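Accompanying notes for the structure given below.
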Amino acid sequence: MKNYYCLVAGMPDISPDDAKLSLTVSDFKANYLPELSKSDRKLIDLFFLQYDHRNLLAMLSDGETAPFDDRAVYSREELAEALEQVKMGEEQGRRLPSYFYTFIASYPELKEQSDQLPEDVLASAYYQYALTCKNRFVAGWFAFNLNVNNILVALTARKFGFQAAPYLVGQGEVVEALASSGARDFGLSSELDYMDEVMRISEINNAVEKERKQDLLKWDWLEEQTFFHYFSVERLFAFLVKLDIVERWMSIDKEKGSAVFRGLIDKLKNEVEIPADFKK
């Protein structure tokens, strides 16, 4: 496994008090990705695919002139080519992950259905794709996010008396339990050590505070899971996710974002001490 001593050592401190972030998600893509090995870049690309999904949905809805997020893995031309390949039934020369083409082909039908939103179908396919990743940390990150989101959906469904199943994303034992179990914790507390915390989050009525707690939970998960990763792609991936969290809050409301994440950013300044062997 390749180590990225210089990249990790050079990761800047980020503070919500800054008038402008010294490093953005776009900067990370431009400056860090070229330094990664081919296999590690594919891992980081799993994060950036979320922007491809937004671009694809926009292009399917509004055409090829729809606004385009350059943080995506694939260009506007590549997405347009994928749309044309599906339209013409061309199987050769497809460069995007296969679930893109499956989703494009099913989009007209999904638009006519009322039981499931197209973006949820795409998200489900995305998680299935990401969970096949052979990197334990990255696959674990996507599994954790999928579970947290689904648990919150299931608890909301229970609270308001509607069926959760149509709104759950993905497949597997956790999804099955959330769709069918009548237990308070859906029988998952012994399997998911964060189940109780997610249940407490679901009881928060203030939407902003609830989202804040979700991001705190995610931040803590990243801290714990990268404790013994010092200069690896896992630490870069975690830093990118943290950067995205802070950038998102600051873009919504800089002042509120600063207050919400002040404590979180302090954690970056207290990273795990580098072992003496690496200092030689």
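Just remember, in the structure tokens the first chain shown is A, the second B, etc., residues are 1-based per chain, and ligands are 1-based in the order shown.
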Distance query Leu117 of chain A at most 12 Å, only C-alpha atoms, self and fewer than 5 positions along chain excluded, as a short mmCIF file (atom, residue, chain, number, x, y, z; two decimals) with N, CA and C atoms, in the first residue's frame:
data_model
loop_
_atom_site.label_atom_id
_atom_site.label_comp_id
_atom_site.auth_asym_id
_atom_site.auth_seq_id
_atom_site.Cartn_x
_atom_site.Cartn_y
_atom_site.Cartn_z
N LEU A 57 -28.56 13.84 -13.36
CA LEU A 57 -29.97 14.12 -13.12
C LEU A 57 -30.37 15.46 -13.75
N PHE A 103 -29.32 3.19 -15.25
CA PHE A 103 -30.21 4.24 -14.74
C PHE A 103 -30.72 5.11 -15.88
N SER A 106 -33.50 3.46 -17.66
CA SER A 106 -34.75 3.32 -16.90
C SER A 106 -35.38 4.66 -16.52
N TYR A 107 -34.69 5.75 -16.78
CA TYR A 107 -35.14 7.06 -16.32
C TYR A 107 -36.54 7.43 -16.82
N PRO A 108 -36.87 7.25 -18.11
CA PRO A 108 -38.21 7.63 -18.57
C PRO A 108 -39.32 6.91 -17.79
N GLU A 109 -39.09 5.63 -17.51
CA GLU A 109 -40.08 4.87 -16.75
C GLU A 109 -40.15 5.34 -15.30
N LEU A 110 -38.99 5.64 -14.72
CA LEU A 110 -38.96 6.11 -13.33
C LEU A 110 -39.70 7.42 -13.18
N LYS A 111 -39.63 8.27 -14.19
CA LYS A 111 -40.32 9.56 -14.14
C LYS A 111 -41.83 9.40 -14.08
N GLU A 112 -42.31 8.29 -14.60
CA GLU A 112 -43.75 8.04 -14.63
C GLU A 112 -44.25 7.37 -13.36
N LEU A 122 -31.00 6.02 -8.19
CA LEU A 122 -29.60 6.25 -8.52
C LEU A 122 -28.73 6.11 -7.28
N ALA A 123 -29.19 6.62 -6.16
CA ALA A 123 -28.44 6.51 -4.91
C ALA A 123 -28.27 5.06 -4.50
N SER A 124 -29.32 4.27 -4.67
CA SER A 124 -29.25 2.85 -4.33
C SER A 124 -28.20 2.14 -5.18
N PRO A 166 -40.57 1.51 0.90
CA PRO A 166 -40.38 2.18 -0.40
C PRO A 166 -39.32 3.29 -0.36
N TYR A 167 -38.95 3.73 0.82
CA TYR A 167 -38.02 4.86 0.94
C TYR A 167 -36.63 4.45 1.38
N LEU A 168 -36.44 3.17 1.64
CA LEU A 168 -35.13 2.69 2.05
C LEU A 168 -34.25 2.48 0.83
N VAL A 169 -32.97 2.75 0.99
CA VAL A 169 -32.02 2.65 -0.12
C VAL A 169 -31.14 1.42 0.08
#
So that I can check the surroundings of segment 153-164 of chain A, please list as a list in words every protein, DNA and RNA residue that reaches within 8 Å of it, counting only C-alpha atoms and ignoring chain neighbours fewer than 6 positions away.
Leu178, Ala179, Met199 and Ser202 of chain A
Counting only C-alpha atoms, closest pick from A:Val246, A:Ala80, A:Leu46, A:Leu222 relative to Thr132 of chain A is A:Leu46
Determine which residues of segment 69-275 of chain A receive a DSSP assignment of helix (DSSP H, G or I), computed from the backbone, and state them as a PyMOL selection string.
chain A and resi 76-88+98-112+118-130+136-160+165-167+173-180+195-202+207-225+233-252+254-268
Neighbours of Ser98 of chain A within 12 Å (only C-alpha atoms; same-chain residues fewer than 2 positions away dropped), as a PyMOL selection string?
chain A and resi 82+86+91+93-96+100-105+122+125-126+128-129
From A:Ser37, A:Ala130, A:Lys242, A:Met195, residue lying nearest Asn3 of chain A [only C-alpha atoms]:
A:Ser37
Interatomic distance (Å, one decimal) between atom CA of Glu78 of chain A and atom CA of Asp45 of chain A:
15.4 Å
Please list as a ChimeraX atom specification every residue within 12 Å of Phe237 of chain A, counting only C-alpha atoms and excluding residues in the same chain fewer than 5 positions away.
/A:4,7-8,11,25,28-29,32-33,36,40-48,135,137-139,141-142,222-223,225-226,229-232,242-244
Pick out the closest residue to Ser75 of chain A from this set: A:Asp52, A:Glu90, A:Glu35, A:Asp62. Count only C-alpha atoms.
A:Asp52
Using Å and a single decimal, report how far atom CA of Ile151 of chain A sits from atom CA of Val175 of chain A.
8.5 Å
My list of candidates is A:Glu84, A:Asp115, A:Phe144, A:Glu176. Which is closest to Val198 of chain A when distances are computed with only C-alpha atoms?
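Going through A:Glu84, A:Asp115, A:Phe144, A:Glu176 one by one, the smallest distance to Val198 of chain A is for A:Phe144.
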For atom CA of Ala238 of chain A and atom CA of Pro12 of chain A, the interatomic separation in Å (one decimal):
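Atom-to-atom, atom CA of Ala238 of chain A and atom CA of Pro12 of chain A are spaced 13.7 Å apart.
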Considering only C-alpha atoms, return as an MDAnalysis selection string whatever protein or nucleic-acid residues lie within 10 Å of Asp69 of chain A, sequence-local ones (same chain, fewer than 5 positions apart) excluded.
chainID A and resid 26 51:55 74:76
Which residue is closest to Lys218 of chain A? Choose from A:Cys6, A:Ala165, A:Val148, A:Val233 and count only C-alpha atoms.
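Result for the nearest residue to Lys218 of chain A: A:Val148.
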For Ile204 of chain A: contacts at 12 Å, only C-alpha atoms, fewer than 4 positions along chain excluded, given as a PyMOL selection string
chain A and resi 152+155-156+197-200+208-214
Residue selection dump (N, CA and C atoms) as a CSV table (one decimal), in the first residue's frame:
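Generated output (result_31.csv):
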chain,number,residue,atom,x,y,z
A,152,LEU,N,-32.7,6.6,9.9
A,152,LEU,CA,-33.4,7.8,10.1
A,152,LEU,C,-34.7,7.8,9.3
A,155,LEU,N,-37.1,5.4,11.2
A,155,LEU,CA,-37.7,6.0,12.4
A,155,LEU,C,-38.7,7.1,12.1
A,156,THR,N,-38.4,7.8,11.1
A,156,THR,CA,-39.4,8.9,10.6
A,156,THR,C,-40.7,8.2,10.2
A,197,GLU,N,-27.2,6.1,19.2
A,197,GLU,CA,-27.0,7.5,18.9
A,197,GLU,C,-27.8,8.0,17.7
A,198,VAL,N,-28.0,7.2,16.7
A,198,VAL,CA,-28.9,7.6,15.6
A,198,VAL,C,-30.3,7.7,16.1
A,199,MET,N,-30.7,6.8,17.0
A,199,MET,CA,-32.1,6.9,17.5
A,199,MET,C,-32.3,8.2,18.3
A,200,ARG,N,-31.2,8.6,19.0
A,200,ARG,CA,-31.3,9.9,19.8
A,200,ARG,C,-31.4,11.1,18.8
A,208,VAL,N,-31.9,21.8,11.7
A,208,VAL,CA,-30.5,22.2,11.6
A,208,VAL,C,-29.7,21.5,12.6
A,209,GLU,N,-30.2,21.4,13.8
A,209,GLU,CA,-29.5,20.7,14.9
A,209,GLU,C,-29.4,19.2,14.6
A,210,LYS,N,-30.5,18.7,14.0
A,210,LYS,CA,-30.5,17.2,13.6
A,210,LYS,C,-29.4,17.0,12.6
A,211,GLU,N,-29.3,17.8,11.6
A,211,GLU,CA,-28.2,17.6,10.6
A,211,GLU,C,-26.9,17.8,11.2
A,212,ARG,N,-26.7,18.8,12.1
A,212,ARG,CA,-25.5,19.0,12.8
A,212,ARG,C,-25.0,17.7,13.5
A,213,LYS,N,-25.9,17.1,14.2
A,213,LYS,CA,-25.6,15.9,15.0
A,213,LYS,C,-25.3,14.7,14.0
A,214,GLN,N,-25.9,14.7,12.9
A,214,GLN,CA,-25.5,13.6,11.9
A,214,GLN,C,-24.1,13.8,11.5
